[in-house]
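Visitor: You'll find query.pdb just under this line, and it carries PDB, C-alpha atoms, pLDDT in the B column.
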```pdb
ATOM      1  CA  MET U   1     -14.791  -8.946  -0.121  1.00 48.00           C
ATOM      2  CA  GLY U   2     -13.948  -9.877  -3.725  1.00 51.00           C
ATOM      3  CA  ASN U   3     -17.026  -8.574  -5.590  1.00 71.00           C
ATOM      4  CA  SER U   4     -16.873  -5.966  -8.379  1.00 89.00           C
ATOM      5  CA  TRP U   5     -18.244  -3.416  -5.911  1.00 92.00           C
ATOM      6  CA  PHE U   6     -18.525  -3.011  -2.153  1.00 93.00           C
ATOM      7  CA  GLN U   7     -21.183  -0.889  -0.485  1.00 96.00           C
ATOM      8  CA  PHE U   8     -20.374   1.007   2.703  1.00 96.00           C
ATOM      9  CA  GLN U   9     -22.890   2.998   4.699  1.00 97.00           C
ATOM     10  CA  GLN U  10     -21.818   6.369   3.294  1.00 97.00           C
ATOM     11  CA  PHE U  11     -20.004   5.488   0.063  1.00 97.00           C
ATOM     12  CA  ARG U  12     -19.605   2.775  -2.566  1.00 97.00           C
ATOM     13  CA  ILE U  13     -16.377   1.220  -3.794  1.00 97.00           C
ATOM     14  CA  GLU U  14     -16.187   0.079  -7.403  1.00 96.00           C
ATOM     15  CA  GLN U  15     -13.254  -2.324  -7.635  1.00 95.00           C
ATOM     16  CA  ASP U  16     -13.444  -4.410 -10.815  1.00 92.00           C
ATOM     17  CA  ARG U  17     -10.340  -2.661 -12.244  1.00 91.00           C
ATOM     18  CA  CYS U  18      -8.222  -2.923  -9.091  1.00 92.00           C
ATOM     19  CA  GLY U  19      -5.681  -5.658  -8.414  1.00 87.00           C
ATOM     20  CA  MET U  20      -6.527  -5.646  -4.723  1.00 86.00           C
ATOM     21  CA  LYS U  21     -10.163  -5.516  -3.665  1.00 90.00           C
ATOM     22  CA  VAL U  22     -11.551  -4.107  -0.428  1.00 94.00           C
ATOM     23  CA  SER U  23      -9.980  -6.187   2.330  1.00 93.00           C
ATOM     24  CA  THR U  24     -10.251  -6.651   6.069  1.00 95.00           C
ATOM     25  CA  ASP U  25      -6.725  -5.197   6.335  1.00 96.00           C
ATOM     26  CA  ALA U  26      -7.846  -1.970   4.659  1.00 96.00           C
ATOM     27  CA  VAL U  27     -10.981  -1.703   6.803  1.00 97.00           C
ATOM     28  CA  LEU U  28      -8.931  -2.256   9.962  1.00 97.00           C
ATOM     29  CA  LEU U  29      -6.405   0.430   9.047  1.00 98.00           C
ATOM     30  CA  GLY U  30      -9.129   2.863   7.996  1.00 98.00           C
ATOM     31  CA  SER U  31     -10.815   2.315  11.365  1.00 97.00           C
ATOM     32  CA  LEU U  32      -7.744   2.334  13.612  1.00 98.00           C
ATOM     33  CA  ALA U  33      -5.345   4.895  12.117  1.00 98.00           C
ATOM     34  CA  ASN U  34      -5.668   7.729  14.575  1.00 94.00           C
ATOM     35  CA  HIS U  35      -4.844  11.404  15.038  1.00 96.00           C
ATOM     36  CA  SER U  36      -6.367  14.009  17.315  1.00 95.00           C
ATOM     37  CA  ASN U  37      -7.287  16.471  14.546  1.00 94.00           C
ATOM     38  CA  PRO U  38      -5.516  16.011  11.200  1.00 98.00           C
ATOM     39  CA  LYS U  39      -5.870  18.776   8.644  1.00 98.00           C
ATOM     40  CA  THR U  40      -3.800  17.015   5.982  1.00 98.00           C
ATOM     41  CA  ILE U  41      -3.777  13.272   5.285  1.00 98.00           C
ATOM     42  CA  LEU U  42      -1.727  11.256   2.775  1.00 98.00           C
ATOM     43  CA  ASP U  43      -2.684   7.725   1.693  1.00 98.00           C
ATOM     44  CA  ILE U  44       0.264   5.911   0.090  1.00 97.00           C
ATOM     45  CA  GLY U  45      -0.878   3.254  -2.398  1.00 96.00           C
ATOM     46  CA  THR U  46      -4.582   3.973  -2.140  1.00 97.00           C
ATOM     47  CA  GLY U  47      -5.784   1.124  -4.399  1.00 95.00           C
ATOM     48  CA  THR U  48      -9.581   1.328  -4.459  1.00 96.00           C
ATOM     49  CA  GLY U  49      -9.439   4.453  -2.279  1.00 97.00           C
ATOM     50  CA  VAL U  50     -11.231   2.769   0.613  1.00 97.00           C
ATOM     51  CA  ILE U  51      -8.846   3.890   3.373  1.00 98.00           C
ATOM     52  CA  ALA U  52      -8.844   7.481   2.138  1.00 98.00           C
ATOM     53  CA  LEU U  53     -12.656   7.448   2.045  1.00 98.00           C
ATOM     54  CA  MET U  54     -12.927   6.016   5.551  1.00 98.00           C
ATOM     55  CA  LEU U  55     -10.587   8.712   6.845  1.00 98.00           C
ATOM     56  CA  ALA U  56     -12.566  11.386   4.999  1.00 98.00           C
ATOM     57  CA  GLN U  57     -15.676  10.114   6.791  1.00 98.00           C
ATOM     58  CA  ARG U  58     -13.924  10.118  10.181  1.00 98.00           C
ATOM     59  CA  TYR U  59     -12.077  13.446   9.887  1.00 98.00           C
ATOM     60  CA  LYS U  60     -14.484  15.959   8.447  1.00 97.00           C
ATOM     61  CA  ASN U  61     -12.013  18.877   8.337  1.00 96.00           C
ATOM     62  CA  ALA U  62      -9.170  16.992   6.654  1.00 98.00           C
ATOM     63  CA  GLN U  63      -7.911  17.440   3.115  1.00 98.00           C
ATOM     64  CA  ILE U  64      -6.752  14.081   1.780  1.00 98.00           C
ATOM     65  CA  ILE U  65      -4.279  13.245  -0.986  1.00 98.00           C
ATOM     66  CA  ALA U  66      -4.145   9.651  -2.224  1.00 98.00           C
ATOM     67  CA  VAL U  67      -1.248   8.379  -4.353  1.00 97.00           C
ATOM     68  CA  GLU U  68      -1.575   5.291  -6.567  1.00 96.00           C
ATOM     69  CA  LEU U  69       0.913   3.841  -9.052  1.00 94.00           C
ATOM     70  CA  ASP U  70      -1.373   1.569 -11.095  1.00 94.00           C
ATOM     71  CA  HIS U  71      -3.296   3.469 -13.795  1.00 95.00           C
ATOM     72  CA  ASP U  72      -6.518   1.423 -13.676  1.00 95.00           C
ATOM     73  CA  ALA U  73      -6.665   1.462  -9.881  1.00 95.00           C
ATOM     74  CA  ALA U  74      -5.943   5.201  -9.806  1.00 97.00           C
ATOM     75  CA  ASP U  75      -8.704   5.871 -12.327  1.00 97.00           C
ATOM     76  CA  GLN U  76     -11.176   3.750 -10.386  1.00 96.00           C
ATOM     77  CA  ALA U  77     -10.242   5.337  -7.046  1.00 97.00           C
ATOM     78  CA  LEU U  78     -10.780   8.744  -8.653  1.00 98.00           C
ATOM     79  CA  GLY U  79     -14.281   7.645  -9.643  1.00 98.00           C
ATOM     80  CA  ASN U  80     -14.959   6.357  -6.141  1.00 98.00           C
ATOM     81  CA  PHE U  81     -13.852   9.699  -4.703  1.00 98.00           C
ATOM     82  CA  ALA U  82     -16.000  11.666  -7.164  1.00 98.00           C
ATOM     83  CA  SER U  83     -19.152   9.718  -6.318  1.00 98.00           C
ATOM     84  CA  SER U  84     -18.681  10.035  -2.538  1.00 98.00           C
ATOM     85  CA  PRO U  85     -20.045  12.745  -0.215  1.00 98.00           C
ATOM     86  CA  PHE U  86     -16.424  13.746   0.499  1.00 98.00           C
ATOM     87  CA  SER U  87     -15.302  14.435  -3.078  1.00 98.00           C
ATOM     88  CA  GLU U  88     -14.309  18.072  -2.462  1.00 98.00           C
ATOM     89  CA  ARG U  89     -11.756  17.015   0.186  1.00 98.00           C
ATOM     90  CA  LEU U  90     -10.165  14.147  -1.765  1.00 98.00           C
ATOM     91  CA  LYS U  91      -7.439  14.391  -4.401  1.00 98.00           C
ATOM     92  CA  LEU U  92      -5.921  11.537  -6.410  1.00 98.00           C
ATOM     93  CA  LEU U  93      -2.369  11.612  -7.769  1.00 98.00           C
ATOM     94  CA  GLU U  94      -1.252   8.866 -10.149  1.00 97.00           C
ATOM     95  CA  GLY U  95       2.398   7.901  -9.908  1.00 96.00           C
ATOM     96  CA  LYS U  96       5.126   6.704  -7.569  1.00 95.00           C
ATOM     97  CA  ILE U  97       5.298   8.009  -4.025  1.00 96.00           C
ATOM     98  CA  GLN U  98       9.067   8.216  -4.575  1.00 95.00           C
ATOM     99  CA  ASP U  99       8.377  10.987  -7.124  1.00 95.00           C
ATOM    100  CA  PHE U 100       5.841  12.867  -5.006  1.00 96.00           C
ATOM    101  CA  HIS U 101       6.956  16.131  -3.442  1.00 93.00           C
ATOM    102  CA  SER U 102       4.914  18.495  -1.302  1.00 94.00           C
ATOM    103  CA  GLU U 103       5.759  21.844   0.251  1.00 92.00           C
ATOM    104  CA  LYS U 104       3.182  21.181   2.960  1.00 93.00           C
ATOM    105  CA  LEU U 105       3.874  18.256   5.266  1.00 98.00           C
ATOM    106  CA  PHE U 106       1.151  15.883   6.455  1.00 98.00           C
ATOM    107  CA  ASP U 107      -0.384  15.472   9.894  1.00 98.00           C
ATOM    108  CA  LEU U 108      -1.350  11.873   9.168  1.00 98.00           C
ATOM    109  CA  ILE U 109       0.111   9.413   6.665  1.00 98.00           C
ATOM    110  CA  VAL U 110      -1.344   5.931   6.166  1.00 98.00           C
ATOM    111  CA  SER U 111      -0.357   2.951   4.047  1.00 97.00           C
ATOM    112  CA  ASN U 112      -1.403  -0.639   3.435  1.00 96.00           C
ATOM    113  CA  PRO U 113       1.802  -1.346   1.509  1.00 93.00           C
ATOM    114  CA  PRO U 114       3.113  -4.282  -0.519  1.00 87.00           C
ATOM    115  CA  TYR U 115       5.206  -6.652   1.561  1.00 71.00           C
ATOM    116  CA  PHE U 116       6.088  -9.811  -0.401  1.00 50.00           C
ATOM    117  CA  THR U 117       9.781  -9.928  -1.351  1.00 57.00           C
ATOM    118  CA  ASP U 118      10.750 -13.532  -2.075  1.00 54.00           C
ATOM    119  CA  HIS U 119       7.461 -15.241  -2.833  1.00 51.00           C
ATOM    120  CA  LEU U 120       6.311 -16.557  -6.208  1.00 49.00           C
ATOM    121  CA  LEU U 121       5.035 -13.635  -8.246  1.00 50.00           C
ATOM    122  CA  PRO U 122       1.368 -13.700  -9.304  1.00 51.00           C
ATOM    123  CA  GLN U 123       0.612 -13.694 -13.017  1.00 55.00           C
ATOM    124  CA  ASN U 124      -1.741 -10.733 -12.644  1.00 49.00           C
ATOM    125  CA  GLN U 125       0.424  -7.624 -12.979  1.00 54.00           C
ATOM    126  CA  GLN U 126      -1.945  -5.506 -10.891  1.00 48.00           C
ATOM    127  CA  ARG U 127      -1.757  -7.956  -7.988  1.00 48.00           C
ATOM    128  CA  LEU U 128       2.012  -8.139  -8.424  1.00 47.00           C
ATOM    129  CA  ARG U 129       2.309  -4.403  -7.924  1.00 46.00           C
ATOM    130  CA  ALA U 130      -0.158  -4.387  -5.054  1.00 44.00           C
ATOM    131  CA  LEU U 131       1.425  -7.270  -3.141  1.00 44.00           C
ATOM    132  CA  HIS U 132       5.145  -7.205  -3.922  1.00 41.00           C
ATOM    133  CA  THR U 133       7.782  -4.654  -2.974  1.00 46.00           C
ATOM    134  CA  ASP U 134       9.335  -4.332  -6.442  1.00 60.00           C
ATOM    135  CA  ASP U 135       7.827  -0.855  -6.942  1.00 77.00           C
ATOM    136  CA  LEU U 136       7.980   0.263  -3.300  1.00 91.00           C
ATOM    137  CA  SER U 137      10.577  -1.257  -0.991  1.00 94.00           C
ATOM    138  CA  PHE U 138      10.464  -0.748   2.760  1.00 95.00           C
ATOM    139  CA  PRO U 139      13.473   1.650   2.687  1.00 96.00           C
ATOM    140  CA  GLU U 140      11.727   3.689  -0.032  1.00 96.00           C
ATOM    141  CA  LEU U 141       8.503   3.784   1.974  1.00 97.00           C
ATOM    142  CA  CYS U 142      10.381   4.902   5.086  1.00 97.00           C
ATOM    143  CA  GLU U 143      12.209   7.617   3.186  1.00 97.00           C
ATOM    144  CA  ALA U 144       8.952   8.900   1.685  1.00 97.00           C
ATOM    145  CA  VAL U 145       7.363   9.067   5.132  1.00 98.00           C
ATOM    146  CA  ASN U 146      10.425  10.832   6.514  1.00 98.00           C
ATOM    147  CA  CYS U 147      10.232  13.478   3.776  1.00 97.00           C
ATOM    148  CA  LEU U 148       6.475  14.051   3.988  1.00 98.00           C
ATOM    149  CA  LEU U 149       5.539  13.652   7.664  1.00 98.00           C
ATOM    150  CA  ASP U 150       5.099  16.784   9.762  1.00 98.00           C
ATOM    151  CA  LYS U 151       7.213  17.167  12.895  1.00 97.00           C
ATOM    152  CA  GLU U 152       4.203  16.356  15.070  1.00 96.00           C
ATOM    153  CA  GLY U 153       2.633  13.986  12.535  1.00 98.00           C
ATOM    154  CA  GLU U 154       1.805  10.284  12.761  1.00 98.00           C
ATOM    155  CA  PHE U 155       2.301   7.435  10.296  1.00 98.00           C
ATOM    156  CA  TRP U 156       0.021   4.397  10.519  1.00 98.00           C
ATOM    157  CA  VAL U 157       0.585   1.137   8.646  1.00 98.00           C
ATOM    158  CA  ILE U 158      -0.655  -2.466   8.591  1.00 98.00           C
ATOM    159  CA  LEU U 159       1.624  -5.428   7.830  1.00 97.00           C
ATOM    160  CA  PRO U 160       2.137  -9.084   8.736  1.00 96.00           C
ATOM    161  CA  VAL U 161       3.789  -9.288  12.153  1.00 96.00           C
ATOM    162  CA  SER U 162       7.225 -10.346  10.872  1.00 94.00           C
ATOM    163  CA  GLU U 163       7.253  -7.680   8.165  1.00 96.00           C
ATOM    164  CA  MET U 164       6.405  -4.954  10.682  1.00 97.00           C
ATOM    165  CA  GLU U 165       9.591  -5.765  12.576  1.00 96.00           C
ATOM    166  CA  LYS U 166      11.566  -5.190   9.381  1.00 96.00           C
ATOM    167  CA  LEU U 167       9.853  -1.846   8.813  1.00 97.00           C
ATOM    168  CA  ILE U 168      10.601  -0.732  12.382  1.00 97.00           C
ATOM    169  CA  HIS U 169      14.265  -1.565  11.743  1.00 97.00           C
ATOM    170  CA  PHE U 170      14.365   0.607   8.601  1.00 97.00           C
ATOM    171  CA  PHE U 171      12.736   3.529  10.431  1.00 98.00           C
ATOM    172  CA  GLU U 172      15.269   3.570  13.284  1.00 97.00           C
ATOM    173  CA  PRO U 173      18.066   5.463  11.427  1.00 97.00           C
ATOM    174  CA  LEU U 174      15.473   8.091  10.464  1.00 98.00           C
ATOM    175  CA  LYS U 175      14.537   8.544  14.131  1.00 98.00           C
ATOM    176  CA  ILE U 176      10.927   7.569  13.569  1.00 98.00           C
ATOM    177  CA  TYR U 177       9.633   5.208  16.230  1.00 98.00           C
ATOM    178  CA  PRO U 178       6.512   3.126  16.955  1.00 98.00           C
ATOM    179  CA  PHE U 179       4.348   4.404  19.806  1.00 98.00           C
ATOM    180  CA  LYS U 180       1.260   2.203  19.343  1.00 98.00           C
ATOM    181  CA  SER U 181       1.024  -1.444  18.337  1.00 98.00           C
ATOM    182  CA  ILE U 182      -2.241  -3.272  17.649  1.00 98.00           C
ATOM    183  CA  LEU U 183      -1.958  -7.018  17.093  1.00 98.00           C
ATOM    184  CA  ILE U 184      -4.759  -8.518  15.010  1.00 98.00           C
ATOM    185  CA  GLN U 185      -5.949 -12.072  15.647  1.00 97.00           C
ATOM    186  CA  ASP U 186      -8.548 -14.029  13.735  1.00 97.00           C
ATOM    187  CA  ARG U 187      -9.737 -15.449  17.093  1.00 97.00           C
ATOM    188  CA  PRO U 188      -8.463 -15.045  20.676  1.00 96.00           C
ATOM    189  CA  SER U 189      -6.844 -18.487  20.586  1.00 96.00           C
ATOM    190  CA  LYS U 190      -4.954 -17.796  17.340  1.00 96.00           C
ATOM    191  CA  ASN U 191      -1.561 -16.150  16.953  1.00 97.00           C
ATOM    192  CA  PRO U 192      -1.670 -12.586  15.590  1.00 97.00           C
ATOM    193  CA  HIS U 193      -1.420 -12.474  11.793  1.00 96.00           C
ATOM    194  CA  ARG U 194      -1.317  -8.710  11.297  1.00 97.00           C
ATOM    195  CA  LYS U 195       0.065  -5.762  13.185  1.00 98.00           C
ATOM    196  CA  ILE U 196      -0.978  -2.124  12.923  1.00 98.00           C
ATOM    197  CA  CYS U 197       1.568   0.399  14.162  1.00 98.00           C
ATOM    198  CA  GLY U 198       1.533   4.129  14.686  1.00 98.00           C
ATOM    199  CA  PHE U 199       4.874   5.933  14.333  1.00 98.00           C
ATOM    200  CA  LYS U 200       6.125   9.346  15.477  1.00 98.00           C
ATOM    201  CA  ARG U 201       9.362  11.318  15.368  1.00 98.00           C
ATOM    202  CA  GLU U 202      10.004  10.767  19.067  1.00 94.00           C
ATOM    203  CA  ILE U 203      10.611   7.824  21.329  1.00 95.00           C
ATOM    204  CA  GLN U 204       7.654   7.010  23.560  1.00 93.00           C
ATOM    205  CA  ASP U 205       6.607   4.060  25.658  1.00 96.00           C
ATOM    206  CA  LEU U 206       5.128   1.553  23.216  1.00 97.00           C
ATOM    207  CA  LYS U 207       1.475   0.835  23.956  1.00 97.00           C
ATOM    208  CA  GLU U 208       0.293  -2.577  22.784  1.00 97.00           C
ATOM    209  CA  GLU U 209      -3.170  -4.052  22.463  1.00 97.00           C
ATOM    210  CA  TYR U 210      -4.893  -7.013  20.803  1.00 97.00           C
ATOM    211  CA  ILE U 211      -8.002  -7.136  18.653  1.00 97.00           C
ATOM    212  CA  SER U 212      -9.720 -10.367  17.647  1.00 98.00           C
ATOM    213  CA  ILE U 213     -11.848 -10.219  14.516  1.00 97.00           C
ATOM    214  CA  LYS U 214     -14.010 -13.141  15.627  1.00 97.00           C
ATOM    215  CA  ASP U 215     -14.869 -14.825  18.891  1.00 96.00           C
ATOM    216  CA  GLU U 216     -14.222 -18.511  19.481  1.00 95.00           C
ATOM    217  CA  ILE U 217     -17.531 -19.591  17.927  1.00 95.00           C
ATOM    218  CA  GLY U 218     -16.819 -17.679  14.719  1.00 94.00           C
ATOM    219  CA  ASP U 219     -19.018 -14.593  15.137  1.00 96.00           C
ATOM    220  CA  PHE U 220     -17.593 -11.099  14.768  1.00 96.00           C
ATOM    221  CA  SER U 221     -16.224 -10.013  18.126  1.00 97.00           C
ATOM    222  CA  GLU U 222     -17.643  -7.064  20.027  1.00 96.00           C
ATOM    223  CA  SER U 223     -14.418  -5.090  19.545  1.00 95.00           C
ATOM    224  CA  TYR U 224     -14.473  -5.622  15.776  1.00 96.00           C
ATOM    225  CA  ARG U 225     -18.165  -4.741  15.608  1.00 96.00           C
ATOM    226  CA  LYS U 226     -17.407  -1.439  17.326  1.00 95.00           C
ATOM    227  CA  LEU U 227     -14.649  -0.700  14.816  1.00 95.00           C
ATOM    228  CA  ILE U 228     -16.818  -1.250  11.741  1.00 95.00           C
ATOM    229  CA  SER U 229     -19.877   0.438  13.224  1.00 95.00           C
ATOM    230  CA  GLY U 230     -20.719   3.391  11.000  1.00 94.00           C
ATOM    231  CA  PHE U 231     -18.849   1.940   8.034  1.00 96.00           C
ATOM    232  CA  LEU U 232     -20.102  -1.486   6.986  1.00 93.00           C
ATOM    233  CA  LEU U 233     -23.766  -2.127   6.259  1.00 89.00           C
ATOM    234  CA  GLY U 234     -25.618  -3.691   9.163  1.00 85.00           C
ATOM    235  CA  TYR U 235     -23.309  -2.318  11.873  1.00 85.00           C
TER     236      TYR U 235
END
```
With the file now loaded, output its structure as structure tokens.

Guide:
Amino acid sequence: MGNSWFQFQQFRIEQDRCGMKVSTDAVLLGSLANHSNPKTILDIGTGTGVIALMLAQRYKNAQIIAVELDHDAADQALGNFASSPFSERLKLLEGKIQDFHSEKLFDLIVSNPPYFTDHLLPQNQQRLRALHTDDLSFPELCEAVNCLLDKEGEFWVILPVSEMEKLIHFFEPLKIYPFKSILIQDRPSKNPHRKICGFKREIQDLKEEYISIKDEIGDFSESYRKLISGFLLGY
């Protein structure tokens, strides 16, 4: 998924100016982040805008605000929004989520956030910002969600499994708790490499499920095909 553009069934993503291209992580979160009927959605660190666009396709009555720190990525996401069938319901704000304030709280917040803290930094500054927590630490992300999430709202996020446990720890003092956990495997025989969690402001029994992207012979699994049906070309 590293081309200068990526064509979905209902929209096109231009991505030559973005540090992070359209990824399987983004497609998974855009497919799995769930809410019964969100009217307001916030995408923290929108990048190319792909998750916001997928949610605009799924939730036809939702107004969506996407926040992006990097200028080039923000400008490109704005162009992707403008050329989509959902342009009237999408708004792009350039800047830090730490500086974003809203009188109206959000029914659904999503994020595919940076998570590297002690790895070697990439030379590309865009990728540095997209991958590393220097500009958005986990405590800052949790505080932003706490300030912007409606009382009955849901926050959905994708992270490596070990990093998700850290995020859950930072949410606990804010009384925001995971209620749904989806472990992502490359194949059924492989250990999960990503986890998607949904969070709410109340303690509930944690529901856990597994999704394998491929079957054991290397073809896309039936569960993954169902997820991307309606989004990716050919499905």

Visitor: For the structure shown, which residues end up in the PyMOL selection byres ((chain U and resi 148-153) around 7)? Put them as a list in words, please?

Guide: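 After applying the PyMOL selection byres ((chain U and resi 148-153) around 7), what remains is Leu105, Phe106, Asp107, Leu108, Ile109, Ala144, Val145, Asn146, Cys147, Glu154, Phe155, Lys200 and Arg201 of chain U.
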
Visitor: Need to verify the contact set: Gly198 (chain U), 9 Å, all atoms listed in the file, exclusion of same-chain residues closer than 6 positions in sequence. Can you return it as number ranges by chain?

Guide: U: 33-34, 154-157, 177-182

Visitor: Determine the residue membership of the PyMOL selection byres ((chain U and resi 81-96) around 6) for the file above and supply it as a VMD selection string.

Guide: chain U and resid 11 63 to 69 74 78 to 80 97 to 99

Visitor: If the PyMOL selection byres ((chain U and resi 50) around 9) is run on the structure shown, which residues does it catch, given as a ChimeraX atom specification?

Guide: /U:12-13,22,26-27,30,46-49,51-55,77,80

Visitor: Using all atoms listed in the file, give me every residue within 12 Å of (-1.0, -12.3, 14.9) in file coordinates, as a list in words.

Guide: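 Final list of nearby residues, as requested, is Ile158, Leu159, Pro160, Val161, Ser162, Glu163, Met164, Ser181, Ile182, Leu183, Ile184, Gln185, Asp186, Arg187, Pro188, Ser189, Lys190, Asn191, Pro192, His193, Arg194, Lys195, Ile196, Glu209, Tyr210, Ile211, Ser212 and Ile213 of chain U.
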
Visitor: So how far away is CA of Gln204 (chain U) from CA of Pro139 (chain U), in Å?

Guide: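 If I compute the distance from CA of Pro139 (chain U) to CA of Gln204 (chain U), I get 22.3 Å.
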
Visitor: Contacts of Leu232 (chain U) at 9 Å or less, counting all atoms listed in the file, minus same-chain residues fewer than 6 places along, as number ranges by chain?

Guide: U: 7-10

Visitor: Would you mind reading off the distance between CA of Leu174 (chain U) and CA of Leu206 (chain U), one decimal, in Å?

Guide: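 Pair CA of Leu174 (chain U) / CA of Leu206 (chain U) returns 17.7 Å.
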